[in-house]
$ cat run.txt   # compact mmCIF, C-alpha atoms and all ligand atoms
# COMPACT_ATOMS: atom_id res chain seq x y z
CA MET Y 22 -34.29 -9.95 88.91
CA SER Y 23 -35.74 -10.74 85.53
CA VAL Y 24 -36.69 -14.13 84.20
CA THR Y 25 -38.41 -13.88 80.82
CA LEU Y 26 -40.11 -17.02 79.65
CA ILE Y 27 -40.59 -17.38 75.89
CA VAL Y 28 -43.19 -19.85 74.68
CA GLY Y 29 -44.60 -20.88 71.32
CA ALA Y 30 -48.30 -19.97 71.36
CA GLN Y 31 -49.50 -22.09 68.41
CA TRP Y 32 -48.36 -25.39 66.82
CA GLY Y 33 -44.64 -24.59 66.85
CA ASP Y 34 -42.58 -22.88 64.16
CA GLU Y 35 -43.71 -19.45 65.33
CA GLY Y 36 -40.23 -17.96 65.08
CA LYS Y 37 -39.07 -18.59 68.64
CA GLY Y 38 -35.43 -18.87 67.57
CA LYS Y 39 -35.24 -15.36 66.21
CA ILE Y 40 -36.98 -13.77 69.21
CA VAL Y 41 -34.96 -15.72 71.79
CA ASP Y 42 -31.75 -14.74 69.98
CA LEU Y 43 -32.83 -11.12 69.99
CA LEU Y 44 -33.98 -10.94 73.60
CA SER Y 45 -30.90 -12.78 74.80
CA GLN Y 46 -28.66 -9.92 73.68
CA GLY Y 47 -27.74 -8.43 77.03
CA ALA Y 48 -28.94 -11.46 78.99
CA SER Y 49 -26.58 -13.53 81.04
CA MET Y 50 -28.27 -16.89 80.57
CA VAL Y 51 -30.66 -18.69 78.22
CA ALA Y 52 -32.16 -22.00 79.33
CA ARG Y 53 -34.16 -24.54 77.31
CA TYR Y 54 -36.63 -26.67 79.28
CA GLN Y 55 -38.25 -29.39 77.13
CA GLY Y 56 -38.39 -31.20 73.82
CA GLY Y 57 -35.38 -32.41 71.92
CA ALA Y 58 -34.01 -32.41 68.40
CA ASN Y 59 -37.59 -32.35 67.09
CA ALA Y 60 -37.31 -28.56 67.34
CA GLY Y 61 -35.85 -26.46 64.54
CA HIS Y 62 -35.02 -22.90 65.52
CA THR Y 63 -33.80 -20.69 62.71
CA ILE Y 64 -31.70 -17.59 63.33
CA VAL Y 65 -30.43 -15.23 60.64
CA PHE Y 66 -27.91 -12.43 60.99
CA ASP Y 67 -25.02 -10.97 58.98
CA GLY Y 68 -26.29 -12.91 55.97
CA LYS Y 69 -25.84 -16.27 57.70
CA GLN Y 70 -28.54 -18.75 58.67
CA TYR Y 71 -28.21 -21.05 61.69
CA ILE Y 72 -30.65 -23.87 62.50
CA LEU Y 73 -30.55 -25.06 66.09
CA HIS Y 74 -32.34 -28.16 67.37
CA LEU Y 75 -31.11 -28.67 70.91
CA ILE Y 76 -28.83 -25.84 71.94
CA PRO Y 77 -30.62 -22.71 73.17
CA SER Y 78 -30.98 -19.90 70.65
CA GLY Y 79 -28.91 -17.60 72.88
CA ILE Y 80 -25.68 -19.41 71.94
CA LEU Y 81 -24.95 -17.07 69.01
CA ASN Y 82 -24.54 -14.16 71.42
CA PRO Y 83 -21.01 -14.40 72.81
CA GLY Y 84 -20.93 -14.16 76.59
CA VAL Y 85 -24.40 -15.61 77.09
CA LYS Y 86 -24.41 -18.86 79.08
CA CYS Y 87 -26.74 -21.54 77.73
CA ILE Y 88 -28.41 -24.35 79.62
CA ILE Y 89 -29.99 -27.53 78.30
CA GLY Y 90 -32.28 -28.38 81.20
CA ASN Y 91 -33.34 -31.64 82.79
CA GLY Y 92 -36.66 -31.59 80.91
CA VAL Y 93 -34.94 -31.87 77.52
CA VAL Y 94 -34.35 -35.29 75.92
CA ILE Y 95 -30.86 -35.29 74.43
CA ASP Y 96 -29.80 -37.03 71.27
CA PRO Y 97 -25.99 -37.24 71.51
CA VAL Y 98 -25.56 -37.42 67.75
CA ALA Y 99 -27.58 -34.24 67.20
CA LEU Y 100 -25.87 -32.47 70.09
CA ILE Y 101 -22.31 -33.18 68.92
CA ASP Y 102 -23.22 -32.16 65.35
CA GLU Y 103 -24.67 -28.93 66.61
CA ILE Y 104 -21.68 -28.07 68.79
CA LYS Y 105 -19.42 -28.69 65.76
CA MET Y 106 -21.61 -26.54 63.50
CA ILE Y 107 -21.51 -23.61 65.92
CA GLU Y 108 -17.74 -23.90 66.44
CA GLU Y 109 -17.19 -24.01 62.69
CA HIS Y 110 -18.80 -20.59 62.55
CA GLY Y 111 -16.13 -19.35 64.95
CA ILE Y 112 -18.41 -19.21 67.98
CA ASP Y 113 -17.00 -20.63 71.20
CA VAL Y 114 -19.21 -23.06 73.08
CA LYS Y 115 -16.84 -24.27 75.86
CA GLY Y 116 -17.45 -22.62 79.19
CA ARG Y 117 -20.81 -21.31 77.95
CA LEU Y 118 -22.89 -24.43 77.36
CA PHE Y 119 -24.14 -26.42 80.34
CA ILE Y 120 -26.09 -29.66 80.15
CA SER Y 121 -28.17 -30.99 83.02
CA HIS Y 122 -26.90 -34.24 84.50
CA LYS Y 123 -30.56 -35.12 85.06
CA ALA Y 124 -31.52 -34.87 81.36
CA HIS Y 125 -32.64 -38.10 79.70
CA LEU Y 126 -30.83 -39.51 76.69
CA ILE Y 127 -32.36 -40.45 73.38
CA MET Y 128 -31.11 -43.96 72.66
CA PRO Y 129 -30.90 -45.63 69.23
CA TYR Y 130 -33.99 -47.75 70.04
CA HIS Y 131 -36.05 -44.61 70.72
CA LYS Y 132 -35.55 -43.39 67.18
CA LEU Y 133 -36.21 -46.86 65.73
CA LEU Y 134 -39.39 -47.29 67.78
CA ASP Y 135 -40.63 -43.79 66.92
CA GLN Y 136 -40.26 -44.46 63.20
CA ALA Y 137 -41.54 -48.05 63.37
CA ARG Y 138 -44.65 -47.13 65.38
CA GLU Y 139 -45.42 -44.26 63.05
CA SER Y 140 -45.16 -46.32 59.88
CA ALA Y 141 -47.23 -49.12 61.44
CA GLN Y 142 -50.03 -46.63 62.12
CA GLY Y 143 -50.37 -45.62 58.47
CA GLY Y 144 -53.14 -43.05 58.05
CA GLU Y 145 -53.56 -42.79 61.83
CA ALA Y 146 -49.95 -41.71 62.38
CA ILE Y 147 -49.21 -38.59 64.42
CA GLY Y 148 -46.66 -37.41 61.87
CA THR Y 149 -43.82 -37.14 64.39
CA THR Y 150 -40.39 -35.85 63.47
CA GLY Y 151 -39.02 -39.39 63.95
CA ARG Y 152 -36.39 -38.12 66.39
CA GLY Y 153 -37.30 -40.60 69.15
CA ILE Y 154 -38.97 -37.99 71.33
CA GLY Y 155 -42.12 -39.93 72.30
CA PRO Y 156 -40.34 -43.22 73.16
CA ALA Y 157 -37.73 -41.35 75.24
CA TYR Y 158 -40.41 -39.60 77.32
CA ILE Y 159 -42.28 -42.93 77.65
CA ASP Y 160 -39.16 -44.47 79.22
CA LYS Y 161 -38.74 -41.44 81.48
CA ALA Y 162 -42.30 -41.88 82.76
CA ARG Y 163 -41.82 -45.66 83.07
CA ARG Y 164 -38.72 -44.97 85.18
CA VAL Y 165 -36.41 -46.96 82.92
CA GLY Y 166 -34.91 -43.96 81.13
CA ILE Y 167 -31.16 -43.48 80.90
CA ARG Y 168 -29.91 -40.09 82.06
CA ILE Y 169 -26.66 -38.25 81.46
CA VAL Y 170 -25.66 -38.98 85.07
CA ASP Y 171 -25.87 -42.74 84.36
CA LEU Y 172 -22.96 -42.50 81.91
CA LEU Y 173 -20.60 -41.74 84.81
CA ASP Y 174 -20.82 -45.26 86.13
CA ARG Y 175 -20.15 -47.84 83.42
CA PRO Y 176 -21.47 -50.97 85.21
CA ASN Y 177 -24.65 -49.16 86.19
CA PHE Y 178 -25.12 -47.80 82.66
CA GLU Y 179 -24.55 -51.23 81.16
CA ALA Y 180 -27.03 -52.85 83.54
CA LYS Y 181 -29.73 -50.30 82.78
CA LEU Y 182 -29.14 -50.61 79.07
CA ARG Y 183 -29.36 -54.41 79.28
CA VAL Y 184 -32.74 -54.22 81.02
CA ASN Y 185 -33.98 -51.88 78.30
CA LEU Y 186 -32.60 -53.88 75.41
CA ASN Y 187 -34.01 -57.18 76.69
CA GLU Y 188 -37.43 -55.70 76.16
CA LYS Y 189 -36.83 -53.39 73.21
CA ASN Y 190 -35.11 -56.06 71.13
CA GLU Y 191 -38.13 -58.32 71.62
CA VAL Y 192 -40.49 -55.58 70.46
CA LEU Y 193 -38.27 -54.58 67.54
CA LYS Y 194 -37.97 -58.17 66.36
CA LYS Y 195 -41.40 -59.61 67.07
CA ILE Y 196 -43.58 -56.64 66.20
CA TYR Y 197 -41.57 -54.73 63.64
CA ASP Y 198 -39.20 -57.37 62.24
CA PHE Y 199 -36.16 -55.15 62.87
CA GLU Y 200 -32.53 -56.16 63.48
CA GLN Y 201 -31.44 -56.69 67.09
CA LEU Y 202 -29.44 -53.94 68.76
CA ASP Y 203 -26.11 -54.80 70.35
CA VAL Y 204 -25.51 -53.78 73.99
CA ASP Y 205 -21.72 -53.52 73.72
CA LEU Y 206 -21.84 -51.30 70.65
CA ILE Y 207 -24.24 -48.88 72.31
CA VAL Y 208 -22.19 -48.84 75.54
CA GLU Y 209 -19.01 -47.93 73.64
CA THR Y 210 -20.74 -45.30 71.49
CA TYR Y 211 -22.37 -43.61 74.47
CA LEU Y 212 -19.25 -43.70 76.62
CA ASP Y 213 -17.36 -42.01 73.77
CA PHE Y 214 -20.11 -39.47 73.70
CA ASP Y 215 -19.79 -39.04 77.46
CA LYS Y 216 -16.13 -38.07 77.04
CA MET Y 217 -17.10 -35.43 74.47
CA ILE Y 218 -19.82 -33.84 76.54
CA ASP Y 219 -18.13 -34.20 79.92
CA PRO Y 220 -16.94 -30.57 79.99
CA TYR Y 221 -20.51 -29.35 79.57
CA VAL Y 222 -22.30 -31.49 82.17
CA LYS Y 223 -23.28 -29.60 85.31
CA ASP Y 224 -25.93 -29.30 87.97
CA THR Y 225 -27.85 -26.79 85.87
CA THR Y 226 -30.61 -26.47 88.49
CA LEU Y 227 -28.05 -24.91 90.83
CA LEU Y 228 -26.59 -22.74 88.05
CA ILE Y 229 -29.88 -21.18 86.98
CA ASN Y 230 -31.12 -20.66 90.52
CA LYS Y 231 -27.86 -18.91 91.39
CA ALA Y 232 -28.21 -16.64 88.35
CA ILE Y 233 -31.77 -15.78 89.41
CA LYS Y 234 -30.66 -15.12 93.01
CA ASP Y 235 -27.85 -12.87 91.76
CA ASN Y 236 -30.41 -10.77 89.85
CA GLU Y 237 -29.04 -11.70 86.46
CA LYS Y 238 -31.12 -11.40 83.32
CA VAL Y 239 -32.30 -14.90 82.44
CA ILE Y 240 -34.25 -16.03 79.37
CA VAL Y 241 -36.13 -19.31 79.45
CA GLU Y 242 -36.80 -20.89 76.06
CA GLY Y 243 -39.49 -23.37 75.12
CA ALA Y 244 -39.61 -25.53 72.02
CA GLN Y 245 -42.76 -26.54 70.05
CA GLY Y 246 -45.95 -24.71 71.04
CA ALA Y 247 -48.94 -24.70 73.37
CA LEU Y 248 -51.22 -26.59 70.99
CA LEU Y 249 -48.65 -29.41 70.84
CA ASP Y 250 -48.59 -29.67 74.66
CA ILE Y 251 -49.20 -33.22 75.89
CA ASP Y 252 -51.78 -32.04 78.45
CA HIS Y 253 -53.34 -28.99 76.82
CA GLY Y 254 -52.75 -29.46 73.11
CA THR Y 255 -54.75 -31.26 70.44
CA TYR Y 256 -54.16 -34.70 71.99
CA PRO Y 257 -53.18 -37.25 70.72
CA PHE Y 258 -51.68 -35.14 67.92
CA VAL Y 259 -49.14 -33.51 70.21
CA THR Y 260 -45.54 -33.88 71.28
CA SER Y 261 -44.67 -35.78 74.47
CA SER Y 262 -43.67 -32.89 76.72
CA ASN Y 263 -45.10 -29.65 78.15
CA PRO Y 264 -44.11 -26.67 75.97
CA THR Y 265 -46.58 -24.50 77.94
CA SER Y 266 -45.16 -22.20 80.57
CA GLY Y 267 -45.69 -24.65 83.46
CA GLY Y 268 -43.16 -26.98 81.83
CA ALA Y 269 -40.43 -24.41 82.38
CA CYS Y 270 -40.51 -24.91 86.14
CA THR Y 271 -40.27 -28.70 86.09
CA GLY Y 272 -37.94 -28.73 83.09
CA LEU Y 273 -35.35 -26.54 84.80
CA GLY Y 274 -36.04 -26.75 88.53
CA ILE Y 275 -37.07 -23.13 88.99
CA ALA Y 276 -40.04 -21.96 91.05
CA PRO Y 277 -43.12 -20.40 89.40
CA ASN Y 278 -42.69 -17.20 91.40
CA THR Y 279 -39.25 -16.57 89.91
CA ILE Y 280 -40.74 -15.92 86.45
CA THR Y 281 -41.22 -12.22 85.85
CA ASN Y 282 -42.58 -12.10 82.32
CA ILE Y 283 -44.11 -14.52 79.82
CA VAL Y 284 -43.81 -13.73 76.12
CA GLY Y 285 -45.87 -15.70 73.62
CA ILE Y 286 -44.50 -16.03 70.11
CA VAL Y 287 -47.38 -15.79 67.66
CA LYS Y 288 -47.14 -16.18 63.90
CA ALA Y 289 -49.44 -13.71 62.07
CA TYR Y 290 -51.22 -16.72 60.53
CA CYS Y 291 -51.23 -20.42 61.50
CA THR Y 292 -49.18 -23.41 60.42
CA ARG Y 293 -48.94 -26.99 61.51
CA VAL Y 294 -46.61 -29.85 60.51
CA GLY Y 295 -47.66 -33.41 61.03
CA ASN Y 296 -51.22 -34.62 61.42
CA GLY Y 297 -54.06 -33.56 63.68
CA PRO Y 298 -56.84 -31.00 63.89
CA PHE Y 299 -56.27 -27.56 62.41
CA PRO Y 300 -59.58 -25.66 62.31
CA THR Y 301 -58.44 -22.76 60.09
CA GLU Y 302 -56.43 -24.83 57.61
CA LEU Y 303 -56.81 -23.65 54.01
CA HIS Y 304 -56.74 -26.20 51.20
CA ASP Y 305 -56.96 -23.57 48.48
CA SER Y 306 -54.79 -21.06 46.64
CA VAL Y 307 -54.75 -18.77 49.71
CA GLY Y 308 -53.17 -21.56 51.75
CA ASP Y 309 -50.67 -22.17 48.94
CA LYS Y 310 -49.83 -18.49 48.84
CA LEU Y 311 -49.20 -18.39 52.61
CA ARG Y 312 -46.90 -21.41 52.25
CA ARG Y 313 -45.05 -19.87 49.32
CA CYS Y 314 -44.69 -16.35 50.73
CA GLY Y 315 -43.87 -17.65 54.21
CA ALA Y 316 -41.45 -20.36 52.97
CA GLU Y 317 -43.37 -22.78 55.17
CA PHE Y 318 -41.23 -25.89 55.02
CA GLY Y 319 -40.03 -27.64 58.21
CA ALA Y 320 -36.57 -26.69 59.53
CA THR Y 321 -36.15 -30.20 60.98
CA THR Y 322 -37.81 -32.52 58.47
CA GLY Y 323 -38.24 -30.31 55.39
CA ARG Y 324 -41.95 -31.20 55.24
CA PRO Y 325 -44.33 -28.63 53.73
CA ARG Y 326 -46.30 -27.00 56.53
CA ARG Y 327 -50.09 -26.86 56.50
CA CYS Y 328 -51.21 -23.22 56.43
CA GLY Y 329 -54.29 -21.24 57.45
CA TRP Y 330 -55.59 -17.97 58.88
CA LEU Y 331 -54.85 -16.84 62.40
CA ASP Y 332 -57.01 -18.76 64.87
CA LEU Y 333 -57.87 -16.33 67.64
CA VAL Y 334 -60.01 -18.83 69.56
CA ALA Y 335 -56.99 -21.11 69.90
CA LEU Y 336 -54.73 -18.14 70.62
CA ARG Y 337 -56.95 -16.81 73.41
CA TYR Y 338 -56.84 -20.31 74.97
CA SER Y 339 -53.07 -20.35 74.61
CA VAL Y 340 -52.74 -16.92 76.23
CA MET Y 341 -54.82 -18.22 79.16
CA ILE Y 342 -52.99 -21.49 79.80
CA ASN Y 343 -49.55 -19.91 79.42
CA GLY Y 344 -50.21 -16.63 81.24
CA ILE Y 345 -48.96 -14.67 78.23
CA LYS Y 346 -48.84 -10.90 78.84
CA ASP Y 347 -46.70 -9.89 75.86
CA ILE Y 348 -46.90 -11.11 72.29
CA ALA Y 349 -44.13 -11.15 69.73
CA LEU Y 350 -45.99 -11.18 66.42
CA THR Y 351 -43.84 -12.78 63.73
CA LYS Y 352 -44.02 -12.96 59.93
CA LEU Y 353 -46.45 -10.05 59.70
CA ASP Y 354 -44.72 -9.12 56.41
CA ILE Y 355 -45.97 -12.38 54.86
CA LEU Y 356 -49.45 -10.81 54.79
CA ASP Y 357 -48.20 -7.74 52.85
CA SER Y 358 -49.84 -8.75 49.57
CA PHE Y 359 -53.19 -10.04 50.83
CA ALA Y 360 -56.13 -7.73 49.99
CA GLU Y 361 -58.19 -9.29 52.78
CA ILE Y 362 -57.03 -10.98 55.94
CA LYS Y 363 -59.27 -13.27 57.95
CA VAL Y 364 -59.11 -14.19 61.62
CA CYS Y 365 -61.14 -16.94 63.28
CA THR Y 366 -63.22 -15.54 66.14
CA GLU Y 367 -65.57 -18.43 66.88
CA TYR Y 368 -65.84 -22.19 66.58
CA GLU Y 369 -69.06 -23.87 65.45
CA VAL Y 370 -69.79 -27.59 65.52
CA GLY Y 371 -73.07 -28.89 64.09
CA GLY Y 372 -74.45 -25.35 63.95
CA LYS Y 373 -73.71 -24.74 67.66
CA LYS Y 374 -71.13 -22.28 68.97
CA LEU Y 375 -68.48 -23.75 71.24
CA LYS Y 376 -67.83 -21.92 74.50
CA SER Y 377 -64.29 -23.15 75.08
CA PHE Y 378 -61.39 -24.87 73.35
CA PRO Y 379 -62.52 -28.51 72.93
CA ALA Y 380 -60.58 -31.43 74.37
CA ASP Y 381 -61.45 -34.24 72.00
CA SER Y 382 -59.89 -34.43 68.58
CA ASN Y 383 -63.19 -35.53 67.04
CA THR Y 384 -64.85 -32.22 67.93
CA LEU Y 385 -61.72 -30.35 66.88
CA GLU Y 386 -61.75 -32.09 63.50
CA ASN Y 387 -65.36 -31.03 62.88
CA ILE Y 388 -65.10 -27.35 63.68
CA THR Y 389 -66.42 -24.77 61.26
CA PRO Y 390 -64.43 -21.62 61.90
CA VAL Y 391 -66.31 -18.31 61.96
CA TYR Y 392 -64.18 -15.55 60.46
CA LYS Y 393 -63.93 -11.82 60.73
CA THR Y 394 -62.47 -10.22 57.63
CA LEU Y 395 -60.02 -7.36 58.01
CA LYS Y 396 -58.62 -5.13 55.29
CA GLY Y 397 -55.10 -5.88 54.11
CA TRP Y 398 -52.44 -3.15 53.91
CA ASN Y 399 -51.24 -4.10 50.42
CA GLN Y 400 -47.79 -2.65 50.72
CA SER Y 401 -44.35 -3.81 51.71
CA MET Y 402 -43.42 -3.36 55.34
CA ALA Y 403 -39.75 -4.01 54.63
CA LYS Y 404 -38.50 -0.59 55.70
CA LYS Y 405 -40.71 -0.05 58.75
CA LYS Y 406 -38.77 0.69 61.90
CA SER Y 407 -41.39 1.59 64.50
CA PHE Y 408 -45.01 0.93 65.39
CA ASP Y 409 -46.08 4.40 64.23
CA GLN Y 410 -44.68 3.72 60.75
CA LEU Y 411 -46.91 0.68 60.30
CA PRO Y 412 -49.85 1.07 57.87
CA PRO Y 413 -53.18 1.73 59.66
CA GLU Y 414 -54.57 -1.62 58.47
CA ALA Y 415 -51.63 -3.46 60.05
CA MET Y 416 -52.19 -1.54 63.31
CA GLU Y 417 -55.86 -2.52 63.11
CA TYR Y 418 -54.83 -6.17 62.75
CA ILE Y 419 -52.56 -5.85 65.80
CA ARG Y 420 -55.23 -4.10 67.87
CA PHE Y 421 -57.79 -6.73 66.98
CA ILE Y 422 -55.45 -9.48 68.22
CA GLU Y 423 -54.80 -7.52 71.43
CA GLY Y 424 -58.48 -6.85 72.06
CA PHE Y 425 -59.43 -10.47 71.49
CA THR Y 426 -56.69 -12.11 73.56
CA GLY Y 427 -56.02 -9.51 76.26
CA ALA Y 428 -52.26 -9.68 75.61
CA GLU Y 429 -50.20 -6.81 74.24
CA VAL Y 430 -48.21 -7.01 71.01
CA LYS Y 431 -44.80 -5.69 72.11
CA ILE Y 432 -42.65 -6.99 69.27
CA VAL Y 433 -43.33 -7.25 65.54
CA SER Y 434 -41.01 -9.25 63.32
CA LEU Y 435 -40.81 -8.36 59.62
CA SER Y 436 -38.21 -10.82 58.31
CA PRO Y 437 -36.07 -13.68 59.63
CA ASP Y 438 -33.19 -11.22 60.13
CA ARG Y 439 -32.41 -9.85 63.59
CA LYS Y 440 -32.44 -6.29 62.28
CA ASP Y 441 -36.00 -6.37 60.90
CA THR Y 442 -37.75 -6.22 64.22
CA ILE Y 443 -39.89 -3.51 65.77
CA MET Y 444 -39.99 -3.28 69.56
CA LYS Y 445 -42.29 -1.24 71.75
CA GLY Y 446 -40.74 0.88 74.47
P1 LIG J 1 -40.25 -25.98 67.05
O1 LIG J 1 -39.56 -25.88 68.38
C1 LIG J 1 -43.51 -27.73 64.78
C2 LIG J 1 -44.74 -31.81 65.82
C3 LIG J 1 -44.51 -32.93 64.83
C4 LIG J 1 -45.71 -33.82 65.14
C5 LIG J 1 -45.82 -33.70 66.65
C6 LIG J 1 -45.17 -34.82 67.42
O2 LIG J 1 -39.37 -25.83 65.88
O3 LIG J 1 -41.45 -25.10 67.03
P2 LIG J 1 -42.60 -35.40 67.94
O4 LIG J 1 -41.45 -35.66 67.00
O5 LIG J 1 -42.40 -34.23 68.84
O6 LIG J 1 -43.06 -36.62 68.68
O7 LIG J 1 -43.84 -35.03 66.94
O8 LIG J 1 -45.21 -32.47 66.99
N1 LIG J 1 -43.53 -31.04 66.20
C7 LIG J 1 -43.31 -29.78 65.81
N2 LIG J 1 -43.99 -28.97 64.96
N3 LIG J 1 -42.41 -27.26 65.39
C8 LIG J 1 -41.71 -28.03 66.27
O9 LIG J 1 -40.72 -27.53 67.00
C9 LIG J 1 -42.14 -29.37 66.46
N4 LIG J 1 -41.68 -30.41 67.20
C10 LIG J 1 -42.56 -31.40 67.04
O10 LIG J 1 -44.54 -32.47 63.50
O11 LIG J 1 -46.88 -33.26 64.59
MG MG J 2 -39.79 -26.22 63.87
$ encode --input "run.txt" --output "structure tokens" --more "lines below"
Ligand code: IMO
Ligand code: MG
Amino acid sequence: MSVTLIVGAQWGDEGKGKIVDLLSQGASMVARYQGGANAGHTIVFDGKQYILHLIPSGILNPGVKCIIGNGVVIDPVALIDEIKMIEEHGIDVKGRLFISHKAHLIMPYHKLLDQARESAQGGEAIGTTGRGIGPAYIDKARRVGIRIVDLLDRPNFEAKLRVNLNEKNEVLKKIYDFEQLDVDLIVETYLDFDKMIDPYVKDTTLLINKAIKDNEKVIVEGAQGALLDIDHGTYPFVTSSNPTSGGACTGLGIAPNTITNIVGIVKAYCTRVGNGPFPTELHDSVGDKLRRCGAEFGATTGRPRRCGWLDLVALRYSVMINGIKDIALTKLDILDSFAEIKVCTEYEVGGKKLKSFPADSNTLENITPVYKTLKGWNQSMAKKKSFDQLPPEAMEYIRFIEGFTGAEVKIVSLSPDRKDTIMKG
């Protein structure tokens, strides 16, 4: 039996898509457990680029079954678009994609409320993707959410929608001065959607547990990253779900003791989109160079990403809360032309060293990072095919990360393309 859980170890955009795609070659199933169309997972092969938001990154490997688990919040519009996009590339989705009947739906009012609340907050905004993620998880926790299973029964769906709209229309009108939403229009739109997704809806909890019992190779895929986790991230500047490894169990209905390996995806430096604390952020030409060399612009919103050096204090915390044993280190090639490379090894606030990763955003905002400077390798790594071909300075960088975090770097990624990847053993 092998269940490999793949998590983002930083603030998202670590390159999960590429690594999930790669590791799912030879797997029988890939299952996504949280988030929604806020994610943007980029996969490149044979000269083509695919950006996936909702569908697991295993879908491009024919024969691999893909699950969208109960913990995911599903935007029908994004889902249908994505299915179409994949089919247009000649990849069959029918019979391979399975959607949990327990998954919650993103409704039109979730997107409107997300955007309205963000713009009302001005400078205090979280900088969400505007995809309705927060409001959908709020409704789930309030127990008024609408799930895929509700679409099966029209009167029940209509009744639930009416209860929601009675309240949401009031809020939209009175607080945000928005147009009222029409129940009948939403009912018709979502029932049409139900017809389109009907072939994909299944009890995915049963499916994945059967695959595990049958000793199949299963990959479990997270979206976002540990520092965006609603419990363990830089709250309140987080997403509204649990990208950390614990979320995989609740988001799919699998037991913790079924997971055999946890791989953390770590970018060789740090980025963040949206607002919130980022201790190693660089506001200078080095930060600009990282953004330029790394093409750091959001795959979902196109926003420029904030860039900075690798934060090992945050990474060690992430390794701990996720249980990461193996690291896939991505975008190492982006550091090819840096004469010096810094890593943050300590946090100081008001001249005092912090002993652990702080919980309050005020402390996080006031951190002075303490850096160790490592020598750059100053050469292109484009043609490197194995660990022993890597320049000694790059190996030193890798060993420093391993020594500091206690996890082992098993995979190094040297371009967005599938083929530019080095794997240990
Ligand atoms: P992938 O899976 C990077 C960020 C948003 C914002 C915060 C909350 O591609 O790594 P939300 O729309 O979730 O309510 O926004 O989380 N965010 C991401 N940042 N990568 C992502 O996904 C993200 N998904 C959400 O920018 O700061
Ligand atoms: Mg992204």
$ closest_residue --input "run.txt" --among "Y:Lys39, Y:Lys440, Y:Lys393, Y:Arg138" --to "Lys406 in chain Y" --atoms "all atoms listed in the file"
Y:Lys440
$ residues_around --input "run.txt" --residues "Gly155 in chain Y" --least-positions-apart "4" --cutoff "10 Å" --atoms "only C-alpha atoms" --output "list in words"
Gly56, Val94, Ile127, His131, Lys132, Leu134, Asp135, Thr149, Thr150, Gly151, Ile159, Asp160, Lys161, Val259, Thr260, Ser261 and Ser262 of chain Y
$ closest_atom_pairs --input "run.txt" --of "range 271-301 of chain Y" --to "range 368-387 of chain Y" --cutoff "10 Å" --atoms "only C-alpha atoms" --output "tab-separated table"
residue	atom	partner	partner_atom	distance
Y:Gly297	CA	Y:Ser382	CA	7.7
Y:Pro298	CA	Y:Glu386	CA	5.0
Y:Phe299	CA	Y:Glu386	CA	7.2
Y:Pro300	CA	Y:Leu385	CA	6.9
Y:Thr301	CA	Y:Tyr368	CA	9.9
$ residues_near_ligand --input "run.txt" --ligand "ligand MG 2 (chain J)" --cutoff "6 Å" --atoms "all atoms listed in the file" --output "list in words"
Gly33, Asp34, Ala60, Gly61, Gly319 and Ala320 of chain Y
$ write_last_selection --input "run.txt" --atoms "C-alpha atoms" --output "compact mmCIF listing (two decimals), in the frame of the given file"
# COMPACT_ATOMS: atom_id res chain seq x y z
CA GLY Y 33 -44.64 -24.59 66.85
CA ASP Y 34 -42.58 -22.88 64.16
CA ALA Y 60 -37.31 -28.56 67.34
CA GLY Y 61 -35.85 -26.46 64.54
CA GLY Y 319 -40.03 -27.64 58.21
CA ALA Y 320 -36.57 -26.69 59.53
$ residues_around --input "run.txt" --residues "Asp102 in chain Y" --least-positions-apart "2" --cutoff "12 Å" --atoms "all atoms listed in the file" --output "PyMOL selection string"
chain Y and resi 58+72-76+96-100+104-109+214+217-218
$ write_last_selection --input "run.txt" --atoms "C-alpha atoms" --output "compact mmCIF listing (two decimals), in the coordinates of the input"
# COMPACT_ATOMS: atom_id res chain seq x y z
CA ALA Y 58 -34.01 -32.41 68.40
CA ILE Y 72 -30.65 -23.87 62.50
CA LEU Y 73 -30.55 -25.06 66.09
CA HIS Y 74 -32.34 -28.16 67.37
CA LEU Y 75 -31.11 -28.67 70.91
CA ILE Y 76 -28.83 -25.84 71.94
CA ASP Y 96 -29.80 -37.03 71.27
CA PRO Y 97 -25.99 -37.24 71.51
CA VAL Y 98 -25.56 -37.42 67.75
CA ALA Y 99 -27.58 -34.24 67.20
CA LEU Y 100 -25.87 -32.47 70.09
CA ILE Y 104 -21.68 -28.07 68.79
CA LYS Y 105 -19.42 -28.69 65.76
CA MET Y 106 -21.61 -26.54 63.50
CA ILE Y 107 -21.51 -23.61 65.92
CA GLU Y 108 -17.74 -23.90 66.44
CA GLU Y 109 -17.19 -24.01 62.69
CA PHE Y 214 -20.11 -39.47 73.70
CA MET Y 217 -17.10 -35.43 74.47
CA ILE Y 218 -19.82 -33.84 76.54
$ residues_near_point --input "run.txt" --point "(-26.6, -26.0, 84.8)" --cutoff "12 Å" --atoms "all atoms listed in the file" --output "number ranges by chain"
Y: 50-54, 86-91, 116-124, 220-232, 272-275
$ atom_distance --input "run.txt" --atom1 "CA of Lys404 in chain Y" --atom2 "CA of Gly68 in chain Y"
17.3 Å
$ residues_near_point --input "run.txt" --point "(-52.6, -19.5, 56.9)" --cutoff "6 Å" --atoms "only C-alpha atoms" --output "PDB file with C-alpha atoms, in the coordinates of the input"
ATOM      1  CA  TYR Y 290     -51.220 -16.720  60.530  1.00  0.00           C
ATOM      2  CA  CYS Y 291     -51.230 -20.420  61.500  1.00  0.00           C
ATOM      3  CA  GLY Y 308     -53.170 -21.560  51.750  1.00  0.00           C
ATOM      4  CA  LEU Y 311     -49.200 -18.390  52.610  1.00  0.00           C
ATOM      5  CA  CYS Y 328     -51.210 -23.220  56.430  1.00  0.00           C
ATOM      6  CA  GLY Y 329     -54.290 -21.240  57.450  1.00  0.00           C
ATOM      7  CA  TRP Y 330     -55.590 -17.970  58.880  1.00  0.00           C
TER       8      TRP Y 330
END
